[in-house]
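Everything below belongs to my_file.json, which stores JSON, C-alpha atoms.
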[["chain", "number", "residue", "atom", "x", "y", "z"],
["A", 22, "MET", "CA", 7.43, 11.35, 16.42],
["A", 23, "VAL", "CA", 8.72, 7.79, 16.25],
["A", 24, "ARG", "CA", 8.74, 6.13, 12.83],
["A", 25, "PRO", "CA", 6.30, 3.21, 12.88],
["A", 26, "ARG", "CA", 6.96, -0.10, 11.14],
["A", 27, "LEU", "CA", 4.72, -0.53, 8.09],
["A", 28, "GLU", "CA", 2.65, -3.42, 6.84],
["A", 29, "LEU", "CA", 0.45, -3.28, 3.74],
["A", 30, "GLY", "CA", -2.87, -5.14, 3.73],
["A", 31, "ILE", "CA", -4.74, -6.18, 0.59],
["A", 32, "ASP", "CA", -8.42, -7.09, 0.96],
["A", 33, "CYS", "CA", -9.55, -10.02, -1.19],
["A", 34, "ARG", "CA", -12.04, -12.83, -1.64],
["A", 35, "ASP", "CA", -9.50, -15.66, -1.62],
["A", 36, "PRO", "CA", -6.15, -15.10, 0.13],
["A", 37, "GLY", "CA", -4.78, -18.51, -0.82],
["A", 38, "SER", "CA", -5.37, -18.05, -4.51],
["A", 39, "LEU", "CA", -4.26, -14.43, -4.65],
["A", 40, "ALA", "CA", -1.11, -15.23, -2.66],
["A", 41, "THR", "CA", 0.27, -17.26, -5.56],
["A", 42, "PHE", "CA", 0.08, -14.20, -7.77],
["A", 43, "TRP", "CA", 1.50, -11.69, -5.29],
["A", 44, "LEU", "CA", 4.39, -13.92, -4.23],
["A", 45, "ALA", "CA", 5.39, -13.95, -7.91],
["A", 46, "ALA", "CA", 4.78, -10.23, -8.39],
["A", 47, "LEU", "CA", 6.76, -9.17, -5.32],
["A", 48, "GLY", "CA", 9.43, -11.85, -5.61],
["A", 49, "TYR", "CA", 8.62, -13.01, -2.08],
["A", 50, "GLN", "CA", 9.27, -16.53, -0.89],
["A", 51, "GLU", "CA", 6.45, -17.93, 1.20],
["A", 52, "THR", "CA", 3.18, -17.46, 2.99],
["A", 53, "ARG", "CA", 2.53, -17.60, 6.71],
["A", 54, "GLY", "CA", -0.87, -18.02, 8.32],
["A", 55, "ASP", "CA", -4.07, -19.85, 7.42],
["A", 56, "GLY", "CA", -5.72, -17.16, 5.28],
["A", 57, "ASP", "CA", -8.72, -16.99, 7.59],
["A", 58, "PRO", "CA", -8.74, -14.07, 7.43],
["A", 59, "TYR", "CA", -4.99, -13.26, 7.23],
["A", 60, "LEU", "CA", -2.21, -14.65, 5.08],
["A", 61, "ASP", "CA", 1.22, -13.02, 5.37],
["A", 62, "LEU", "CA", 3.50, -12.78, 2.34],
["A", 63, "VAL", "CA", 7.06, -13.16, 3.55],
["A", 64, "GLY", "CA", 9.93, -11.56, 1.67],
["A", 65, "PRO", "CA", 13.63, -11.19, 2.37],
["A", 66, "PRO", "CA", 14.76, -9.28, 5.49],
["A", 67, "GLY", "CA", 14.06, -5.58, 5.13],
["A", 68, "SER", "CA", 11.29, -6.00, 2.55],
["A", 69, "LEU", "CA", 7.83, -4.54, 3.07],
["A", 70, "SER", "CA", 5.49, -6.82, 5.03],
["A", 71, "VAL", "CA", 2.40, -7.52, 2.94],
["A", 72, "PHE", "CA", -0.65, -9.51, 4.01],
["A", 73, "LEU", "CA", -3.82, -10.63, 2.30],
["A", 74, "GLN", "CA", -7.07, -10.34, 4.25],
["A", 75, "ARG", "CA", -10.25, -12.20, 3.39],
["A", 76, "VAL", "CA", -13.23, -9.78, 3.39],
["A", 77, "PRO", "CA", -16.89, -10.38, 2.56],
["A", 78, "GLU", "CA", -17.53, -7.24, 0.54],
["A", 79, "PRO", "CA", -16.74, -6.88, -3.18],
["A", 80, "LYS", "CA", -14.31, -4.38, -4.69],
["A", 81, "LEU", "CA", -15.98, -1.02, -5.49],
["A", 82, "GLY", "CA", -14.40, 1.19, -8.11],
["A", 83, "LYS", "CA", -10.72, 2.02, -8.50],
["A", 84, "ASN", "CA", -8.43, 1.44, -5.52],
["A", 85, "ARG", "CA", -7.16, 4.63, -3.85],
["A", 86, "LEU", "CA", -3.90, 2.87, -2.94],
["A", 87, "HIS", "CA", -1.77, 0.92, -5.40],
["A", 88, "LEU", "CA", 1.70, -0.59, -5.66],
["A", 89, "ASP", "CA", 4.22, 0.32, -8.34],
["A", 90, "LEU", "CA", 6.70, -2.44, -9.15],
["A", 91, "TYR", "CA", 9.97, -0.98, -10.47],
["A", 92, "THR", "CA", 12.31, -3.17, -12.49],
["A", 93, "ALA", "CA", 14.97, -2.67, -15.16],
["A", 94, "THR", "CA", 13.13, -5.20, -17.36],
["A", 95, "PRO", "CA", 9.48, -4.15, -17.22],
["A", 96, "GLU", "CA", 8.48, -5.84, -20.50],
["A", 97, "GLN", "CA", 9.60, -9.17, -19.05],
["A", 98, "LEU", "CA", 7.81, -8.61, -15.75],
["A", 99, "VAL", "CA", 4.57, -7.67, -17.52],
["A", 100, "SER", "CA", 4.76, -10.90, -19.55],
["A", 101, "GLU", "CA", 5.43, -13.01, -16.46],
["A", 102, "LEU", "CA", 2.59, -11.42, -14.51],
["A", 103, "VAL", "CA", 0.12, -11.84, -17.37],
["A", 104, "ALA", "CA", 1.11, -15.52, -17.38],
["A", 105, "SER", "CA", 0.36, -15.51, -13.63],
["A", 106, "GLY", "CA", -3.17, -14.15, -14.11],
["A", 107, "ALA", "CA", -2.77, -10.37, -14.32],
["A", 108, "VAL", "CA", -4.44, -8.21, -16.97],
["A", 109, "VAL", "CA", -2.95, -5.17, -18.70],
["A", 110, "MET", "CA", -5.01, -1.95, -18.60],
["A", 111, "GLY", "CA", -4.64, -0.22, -21.94],
["A", 112, "ARG", "CA", -1.29, 0.68, -23.44],
["A", 113, "PRO", "CA", 1.87, 1.45, -21.50],
["A", 114, "LEU", "CA", 2.55, 5.15, -20.92],
["A", 115, "PRO", "CA", 3.85, 7.48, -22.11],
["A", 116, "ASP", "CA", 3.08, 6.29, -25.62],
["A", 117, "VAL", "CA", 6.69, 6.03, -26.81],
["A", 118, "GLU", "CA", 9.09, 3.21, -27.55],
["A", 119, "ARG", "CA", 10.72, 3.19, -24.13],
["A", 120, "TRP", "CA", 7.60, 3.39, -21.99],
["A", 121, "GLU", "CA", 7.74, 4.21, -18.29],
["A", 122, "TRP", "CA", 4.80, 2.35, -16.79],
["A", 123, "GLN", "CA", 2.08, -0.15, -17.58],
["A", 124, "ALA", "CA", -1.12, -0.15, -15.51],
["A", 125, "MET", "CA", -2.36, -3.65, -14.68],
["A", 126, "LEU", "CA", -4.96, -5.56, -12.65],
["A", 127, "ASP", "CA", -4.20, -8.47, -10.35],
["A", 128, "PRO", "CA", -6.42, -11.60, -10.58],
["A", 129, "GLU", "CA", -9.01, -9.95, -8.28],
["A", 130, "GLY", "CA", -8.99, -6.66, -10.19],
["A", 131, "ASN", "CA", -6.67, -4.66, -7.92],
["A", 132, "GLU", "CA", -4.77, -1.97, -9.79],
["A", 133, "PHE", "CA", -0.98, -1.92, -9.79],
["A", 134, "CYS", "CA", 1.72, -0.71, -12.19],
["A", 135, "VAL", "CA", 4.89, -2.17, -13.61],
["A", 136, "CYS", "CA", 7.41, 0.68, -13.96],
["A", 137, "ARG", "CA", 10.78, 1.04, -15.62],
["A", 138, "GLU", "CA", 13.65, 1.45, -13.19],
["A", 139, "GLU", "CA", 15.89, 4.00, -14.87],
["A", 140, "ASP", "CA", 19.63, 3.32, -14.88],
["B", 23, "MET", "CA", 11.90, -13.80, -10.98],
["B", 24, "VAL", "CA", 13.73, -10.64, -9.93],
["B", 25, "ARG", "CA", 12.38, -8.82, -6.91],
["B", 26, "PRO", "CA", 11.06, -5.41, -8.01],
["B", 27, "ARG", "CA", 11.48, -2.24, -5.97],
["B", 28, "LEU", "CA", 8.18, -1.11, -4.45],
["B", 29, "GLU", "CA", 6.49, 2.27, -4.27],
["B", 30, "LEU", "CA", 3.06, 2.86, -2.77],
["B", 31, "GLY", "CA", 0.73, 5.41, -4.33],
["B", 32, "ILE", "CA", -2.18, 7.06, -2.53],
["B", 33, "ASP", "CA", -4.82, 8.78, -4.68],
["B", 34, "CYS", "CA", -6.16, 12.02, -3.23],
["B", 35, "ARG", "CA", -7.80, 15.36, -3.93],
["B", 36, "ASP", "CA", -5.04, 17.50, -2.45],
["B", 37, "PRO", "CA", -1.50, 16.06, -2.26],
["B", 38, "GLY", "CA", -0.06, 19.12, -0.53],
["B", 39, "SER", "CA", -2.56, 19.05, 2.30],
["B", 40, "LEU", "CA", -2.54, 15.29, 2.73],
["B", 41, "ALA", "CA", 1.26, 15.22, 2.71],
["B", 42, "THR", "CA", 1.38, 17.05, 6.02],
["B", 43, "PHE", "CA", -0.62, 14.26, 7.62],
["B", 44, "TRP", "CA", 1.25, 11.33, 6.05],
["B", 45, "LEU", "CA", 4.69, 12.76, 6.79],
["B", 46, "ALA", "CA", 3.65, 12.80, 10.45],
["B", 47, "ALA", "CA", 2.03, 9.36, 10.30],
["B", 48, "LEU", "CA", 5.00, 7.67, 8.62],
["B", 49, "GLY", "CA", 7.67, 9.67, 10.42],
["B", 50, "TYR", "CA", 9.09, 10.75, 7.04],
["B", 51, "GLN", "CA", 11.06, 13.95, 6.59],
["B", 52, "GLU", "CA", 10.12, 15.83, 3.46],
["B", 53, "THR", "CA", 8.22, 16.00, 0.21],
["B", 54, "ARG", "CA", 9.63, 16.06, -3.30],
["B", 55, "GLY", "CA", 7.74, 17.17, -6.39],
["B", 56, "ASP", "CA", 5.05, 19.72, -7.12],
["B", 57, "GLY", "CA", 1.96, 17.64, -6.34],
["B", 58, "ASP", "CA", 0.62, 18.03, -9.86],
["B", 59, "PRO", "CA", -0.13, 15.20, -9.92],
["B", 60, "TYR", "CA", 2.67, 13.57, -7.88],
["B", 61, "LEU", "CA", 4.18, 14.38, -4.52],
["B", 62, "ASP", "CA", 6.78, 12.00, -3.11],
["B", 63, "LEU", "CA", 7.06, 11.44, 0.63],
["B", 64, "VAL", "CA", 10.72, 10.90, 1.44],
["B", 65, "GLY", "CA", 11.77, 8.80, 4.41],
["B", 66, "PRO", "CA", 15.09, 7.51, 5.69],
["B", 67, "PRO", "CA", 17.17, 5.22, 3.46],
["B", 68, "GLY", "CA", 15.54, 1.81, 3.17],
["B", 69, "SER", "CA", 12.04, 3.03, 3.99],
["B", 70, "LEU", "CA", 9.11, 2.40, 1.68],
["B", 71, "SER", "CA", 8.69, 5.01, -1.05],
["B", 72, "VAL", "CA", 5.23, 6.55, -0.80],
["B", 73, "PHE", "CA", 3.72, 9.11, -3.13],
["B", 74, "LEU", "CA", 0.49, 11.07, -3.24],
["B", 75, "GLN", "CA", -1.27, 11.40, -6.58],
["B", 76, "ARG", "CA", -3.91, 14.01, -7.37],
["B", 77, "VAL", "CA", -6.92, 12.35, -9.04],
["B", 78, "PRO", "CA", -10.24, 13.84, -10.16],
["B", 79, "GLU", "CA", -12.54, 11.07, -8.97],
["B", 80, "PRO", "CA", -13.87, 10.79, -5.40],
["B", 81, "LYS", "CA", -13.21, 7.89, -3.02],
["B", 82, "LEU", "CA", -15.79, 5.09, -3.41],
["B", 83, "GLY", "CA", -16.32, 2.72, -0.51],
["B", 84, "LYS", "CA", -13.68, 1.09, 1.65],
["B", 85, "ASN", "CA", -10.13, 0.91, 0.31],
["B", 86, "ARG", "CA", -8.97, -2.59, -0.68],
["B", 87, "LEU", "CA", -5.41, -1.69, 0.34],
["B", 88, "HIS", "CA", -4.44, -0.12, 3.65],
["B", 89, "LEU", "CA", -1.36, 0.54, 5.76],
["B", 90, "ASP", "CA", -0.85, -0.76, 9.27],
["B", 91, "LEU", "CA", 1.42, 1.42, 11.42],
["B", 92, "TYR", "CA", 3.11, -0.67, 14.14],
["B", 93, "THR", "CA", 4.50, 1.04, 17.20],
["B", 94, "ALA", "CA", 5.24, 0.10, 20.82],
["B", 95, "THR", "CA", 3.18, 3.12, 21.94],
["B", 96, "PRO", "CA", -0.02, 2.94, 19.87],
["B", 97, "GLU", "CA", -2.13, 5.03, 22.28],
["B", 98, "GLN", "CA", 0.31, 7.91, 21.83],
["B", 99, "LEU", "CA", 0.39, 7.57, 18.05],
["B", 100, "VAL", "CA", -3.42, 7.52, 17.86],
["B", 101, "SER", "CA", -3.56, 10.74, 19.89],
["B", 102, "GLU", "CA", -0.93, 12.43, 17.73],
["B", 103, "LEU", "CA", -2.63, 11.43, 14.50],
["B", 104, "VAL", "CA", -6.04, 12.59, 15.71],
["B", 105, "ALA", "CA", -4.39, 15.94, 16.47],
["B", 106, "SER", "CA", -3.10, 15.87, 12.87],
["B", 107, "GLY", "CA", -6.56, 15.38, 11.38],
["B", 108, "ALA", "CA", -7.22, 11.64, 11.51],
["B", 109, "VAL", "CA", -10.46, 10.11, 12.80],
["B", 110, "VAL", "CA", -10.81, 6.93, 14.85],
["B", 111, "MET", "CA", -13.21, 4.28, 13.48],
["B", 112, "GLY", "CA", -15.01, 2.71, 16.41],
["B", 113, "ARG", "CA", -13.26, 1.17, 19.37],
["B", 114, "PRO", "CA", -9.80, -0.44, 19.29],
["B", 115, "LEU", "CA", -9.81, -4.24, 18.88],
["B", 116, "PRO", "CA", -9.88, -6.71, 20.40],
["B", 117, "ASP", "CA", -12.03, -5.15, 23.10],
["B", 118, "VAL", "CA", -9.61, -5.68, 25.97],
["B", 119, "GLU", "CA", -7.35, -3.46, 28.05],
["B", 120, "ARG", "CA", -4.25, -4.02, 25.94],
["B", 121, "TRP", "CA", -5.77, -3.63, 22.48],
["B", 122, "GLU", "CA", -3.94, -4.70, 19.34],
["B", 123, "TRP", "CA", -5.18, -2.31, 16.68],
["B", 124, "GLN", "CA", -7.25, 0.83, 16.12],
["B", 125, "ALA", "CA", -8.83, 1.41, 12.71],
["B", 126, "MET", "CA", -8.62, 5.06, 11.59],
["B", 127, "LEU", "CA", -9.28, 7.37, 8.66],
["B", 128, "ASP", "CA", -6.80, 9.88, 7.24],
["B", 129, "PRO", "CA", -8.04, 13.45, 6.52],
["B", 130, "GLU", "CA", -9.37, 12.28, 3.12],
["B", 131, "GLY", "CA", -11.10, 9.22, 4.55],
["B", 132, "ASN", "CA", -8.48, 6.59, 3.67],
["B", 133, "GLU", "CA", -8.50, 3.66, 6.07],
["B", 134, "PHE", "CA", -5.38, 2.73, 8.01],
["B", 135, "CYS", "CA", -4.65, 1.08, 11.36],
["B", 136, "VAL", "CA", -2.42, 1.86, 14.30],
["B", 137, "CYS", "CA", -1.18, -1.46, 15.70],
["B", 138, "ARG", "CA", 0.66, -2.48, 18.83],
["B", 139, "GLU", "CA", 4.19, -3.74, 18.19],
["B", 140, "GLU", "CA", 4.61, -6.61, 20.62],
["B", 141, "ASP", "CA", 7.84, -6.83, 22.56]]

Could you write out this structure as structure tokens?
Amino acid sequence: MVRPRLELGIDCRDPGSLATFWLAALGYQETRGDGDPYLDLVGPPGSLSVFLQRVPEPKLGKNRLHLDLYTATPEQLVSELVASGAVVMGRPLPDVERWEWQAMLDPEGNEFCVCREED
Amino acid sequence: MVRPRLELGIDCRDPGSLATFWLAALGYQETRGDGDPYLDLVGPPGSLSVFLQRVPEPKLGKNRLHLDLYTATPEQLVSELVASGAVVMGRPLPDVERWEWQAMLDPEGNEFCVCREED
């Protein structure tokens, strides 16, 4: 079977507003499209294609799909994303000094995690 | 801001069973882990890291995140994935001879699309 090319879609109420957050979270550069209903988030060559899609229905319960963002400096990324409108969900885990992941919500309540990239 | 490395998590009831489907859908080679709760789906170098995560709660409503699988032969991929346990959701769209995408459900009801990669 041939390996398909992947794109990840995120349903939302307001693609334009949410794009600001996800460009910062992903470290992507720019948007493409009019956000009605699609707005592409464009990263460097080889990065995952992500798009935001305006939908009429509200979010119901916990997402079954979520992104983990791995970085060597997760404390810094958590701080930056909180400043960009994200919310932390409880304490980072496991409950030790050098935690491995912090569950968070984007500005529309979508779950994601910031994770420690081990050396 | 540094660009984090991405992994995509898919919540499910049965990682081992669902892994068979998603390895075929993504064209990935093997699993890593014991599926309790995590099972990694390993693709070629440079491909998106995807993992299945066993969760106790059921799926509620439509997923807010979904994958689009782009291929030059979408009719063939749809047929192969139906044979692997996926279900088509309605007719492909737009409703013309050379359709652009077909919405589908994986064996646990997670939405995804098979999309035509234009030349």

For this session: Kindly determine which residues of chain A lie within 6 Å of chain B, considering all atoms listed in the file, and give the answer as a ChimeraX atom specification.
Result: /A:24-32,47-48,85-92

For this session: Dump as an MDAnalysis selection string all residues having an atom at most 8 Å from (-8.1, -10.4, 10.2), computed in the file's coordinates with only C-alpha atoms.
Result: chainID A and resid 57:59 74:75

Print the selection's residues with C-alpha atoms to a file, as a PDB file, keeping the file's coordinate frame.
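Everything below was put into out.pdb:
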ATOM      1  CA  ASP A  57      -8.720 -16.990   7.590  1.00  0.00           C
ATOM      2  CA  PRO A  58      -8.740 -14.070   7.430  1.00  0.00           C
ATOM      3  CA  TYR A  59      -4.990 -13.260   7.230  1.00  0.00           C
ATOM      4  CA  GLN A  74      -7.070 -10.340   4.250  1.00  0.00           C
ATOM      5  CA  ARG A  75     -10.250 -12.200   3.390  1.00  0.00           C
TER       6      ARG A  75
END

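The shortest atom-to-atom distance to Ala41 in chain B, with only C-alpha atoms taken into account, belongs to B:Gly55 out of B:Pro67, B:Gly55, B:Pro114, B:Pro78.
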
For this session: Calculate how many Å separate CA of Val109 in chain B from CA of Leu127 in chain B, rounding to one decimal.
Result: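 Computing the Euclidean distance for CA of Val109 in chain B and CA of Leu127 in chain B yields 5.1 Å.
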
For this session: Give me, please, the distance in Å between CA of Gly57 in chain B and CA of Pro37 in chain B, quoted to one decimal.
Result: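 Rounded to one decimal, the two atoms are 5.6 Å apart.
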
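For the pair CA of Arg53 in chain A and CA of Met126 in chain B, the separation is 25.7 Å.
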
Exercise. Of the candidates A:Val99, A:Gly106, A:Asp116, A:Gly111, which shows the shortest atom-to-atom distance to Glu129 in chain A, using all atoms listed in the file?
Worked result: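 Among the listed residues, the smallest separation from Glu129 in chain A belongs to A:Gly106.
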
Problem set entry | Residue list as a ChimeraX atom specification for point (2.0, -2.4, -22.6), cut-off 9 Å, only C-alpha atoms | /A:96,99,109-114,120,122-124

Seminar exercise, completed: For Arg120 in chain B, the closest of B:Ser101, B:Glu133, B:Gln51, B:Glu140 counting all atoms listed in the file is B:Glu140

Completion of range 86-97 of chain A up to all heavy atoms, as a short mmCIF file (atom, residue, chain, number, x, y, z; two decimals), in the frame of the given file:
data_model
loop_
_atom_site.label_atom_id
_atom_site.label_comp_id
_atom_site.auth_asym_id
_atom_site.auth_seq_id
_atom_site.Cartn_x
_atom_site.Cartn_y
_atom_site.Cartn_z
N LEU A 86 -5.31 3.19 -3.18
CA LEU A 86 -3.90 2.87 -2.94
C LEU A 86 -3.48 1.81 -3.95
O LEU A 86 -4.25 0.89 -4.24
CB LEU A 86 -3.68 2.31 -1.53
CG LEU A 86 -3.47 3.32 -0.39
CD1 LEU A 86 -4.73 4.13 -0.13
CD2 LEU A 86 -3.02 2.63 0.88
N HIS A 87 -2.27 1.94 -4.48
CA HIS A 87 -1.77 0.92 -5.40
C HIS A 87 -0.26 0.81 -5.27
O HIS A 87 0.42 1.76 -4.87
CB HIS A 87 -2.18 1.23 -6.84
CG HIS A 87 -1.38 2.32 -7.48
ND1 HIS A 87 -1.71 3.64 -7.37
CD2 HIS A 87 -0.25 2.28 -8.23
CE1 HIS A 87 -0.83 4.37 -8.03
NE2 HIS A 87 0.08 3.58 -8.56
N LEU A 88 0.26 -0.36 -5.65
CA LEU A 88 1.70 -0.59 -5.66
C LEU A 88 2.26 -0.35 -7.06
O LEU A 88 1.64 -0.74 -8.05
CB LEU A 88 2.02 -2.02 -5.23
CG LEU A 88 1.97 -2.31 -3.75
CD1 LEU A 88 2.21 -3.79 -3.50
CD2 LEU A 88 3.01 -1.48 -2.97
N ASP A 89 3.42 0.26 -7.12
CA ASP A 89 4.22 0.32 -8.34
C ASP A 89 5.39 -0.64 -8.17
O ASP A 89 6.08 -0.61 -7.14
CB ASP A 89 4.77 1.74 -8.55
CG ASP A 89 3.73 2.70 -9.10
OD1 ASP A 89 2.62 2.25 -9.48
OD2 ASP A 89 4.01 3.91 -9.14
N LEU A 90 5.60 -1.48 -9.17
CA LEU A 90 6.70 -2.44 -9.15
C LEU A 90 7.76 -1.97 -10.14
O LEU A 90 7.54 -2.00 -11.35
CB LEU A 90 6.21 -3.84 -9.56
CG LEU A 90 4.94 -4.37 -8.88
CD1 LEU A 90 4.64 -5.79 -9.35
CD2 LEU A 90 5.06 -4.33 -7.37
N TYR A 91 8.89 -1.52 -9.62
CA TYR A 91 9.97 -0.98 -10.47
C TYR A 91 10.99 -2.07 -10.78
O TYR A 91 11.50 -2.74 -9.87
CB TYR A 91 10.68 0.17 -9.75
CG TYR A 91 9.96 1.48 -9.87
CD1 TYR A 91 8.91 1.79 -9.03
CD2 TYR A 91 10.32 2.40 -10.84
CE1 TYR A 91 8.24 2.99 -9.15
CE2 TYR A 91 9.65 3.61 -10.97
CZ TYR A 91 8.61 3.90 -10.13
OH TYR A 91 7.95 5.09 -10.26
N THR A 92 11.31 -2.20 -12.07
CA THR A 92 12.31 -3.17 -12.49
C THR A 92 13.00 -2.64 -13.75
O THR A 92 12.40 -1.88 -14.52
CB THR A 92 11.66 -4.54 -12.77
OG1 THR A 92 12.61 -5.40 -13.38
CG2 THR A 92 10.46 -4.41 -13.70
N ALA A 93 14.23 -3.07 -13.95
CA ALA A 93 14.97 -2.67 -15.16
C ALA A 93 14.45 -3.37 -16.40
O ALA A 93 14.76 -2.96 -17.52
CB ALA A 93 16.45 -2.97 -14.97
N THR A 94 13.67 -4.44 -16.22
CA THR A 94 13.13 -5.20 -17.36
C THR A 94 11.61 -5.29 -17.26
O THR A 94 11.06 -6.37 -17.05
CB THR A 94 13.75 -6.60 -17.40
OG1 THR A 94 13.54 -7.23 -16.12
CG2 THR A 94 15.24 -6.55 -17.68
N PRO A 95 10.93 -4.15 -17.43
CA PRO A 95 9.48 -4.15 -17.22
C PRO A 95 8.72 -4.98 -18.25
O PRO A 95 7.69 -5.58 -17.89
CB PRO A 95 9.11 -2.66 -17.30
CG PRO A 95 10.20 -2.03 -18.11
CD PRO A 95 11.43 -2.81 -17.76
N GLU A 96 9.19 -5.02 -19.50
CA GLU A 96 8.48 -5.84 -20.50
C GLU A 96 8.42 -7.30 -20.04
O GLU A 96 7.39 -7.97 -20.17
CB GLU A 96 9.17 -5.75 -21.87
CG GLU A 96 9.11 -4.37 -22.53
CD GLU A 96 10.22 -3.43 -22.10
OE1 GLU A 96 11.00 -3.77 -21.18
OE2 GLU A 96 10.32 -2.33 -22.68
N GLN A 97 9.55 -7.78 -19.51
CA GLN A 97 9.60 -9.17 -19.05
C GLN A 97 8.68 -9.39 -17.86
O GLN A 97 7.95 -10.40 -17.79
CB GLN A 97 11.04 -9.51 -18.66
CG GLN A 97 11.23 -10.93 -18.14
CD GLN A 97 12.67 -11.18 -17.72
OE1 GLN A 97 13.58 -10.47 -18.14
NE2 GLN A 97 12.87 -12.18 -16.89
#
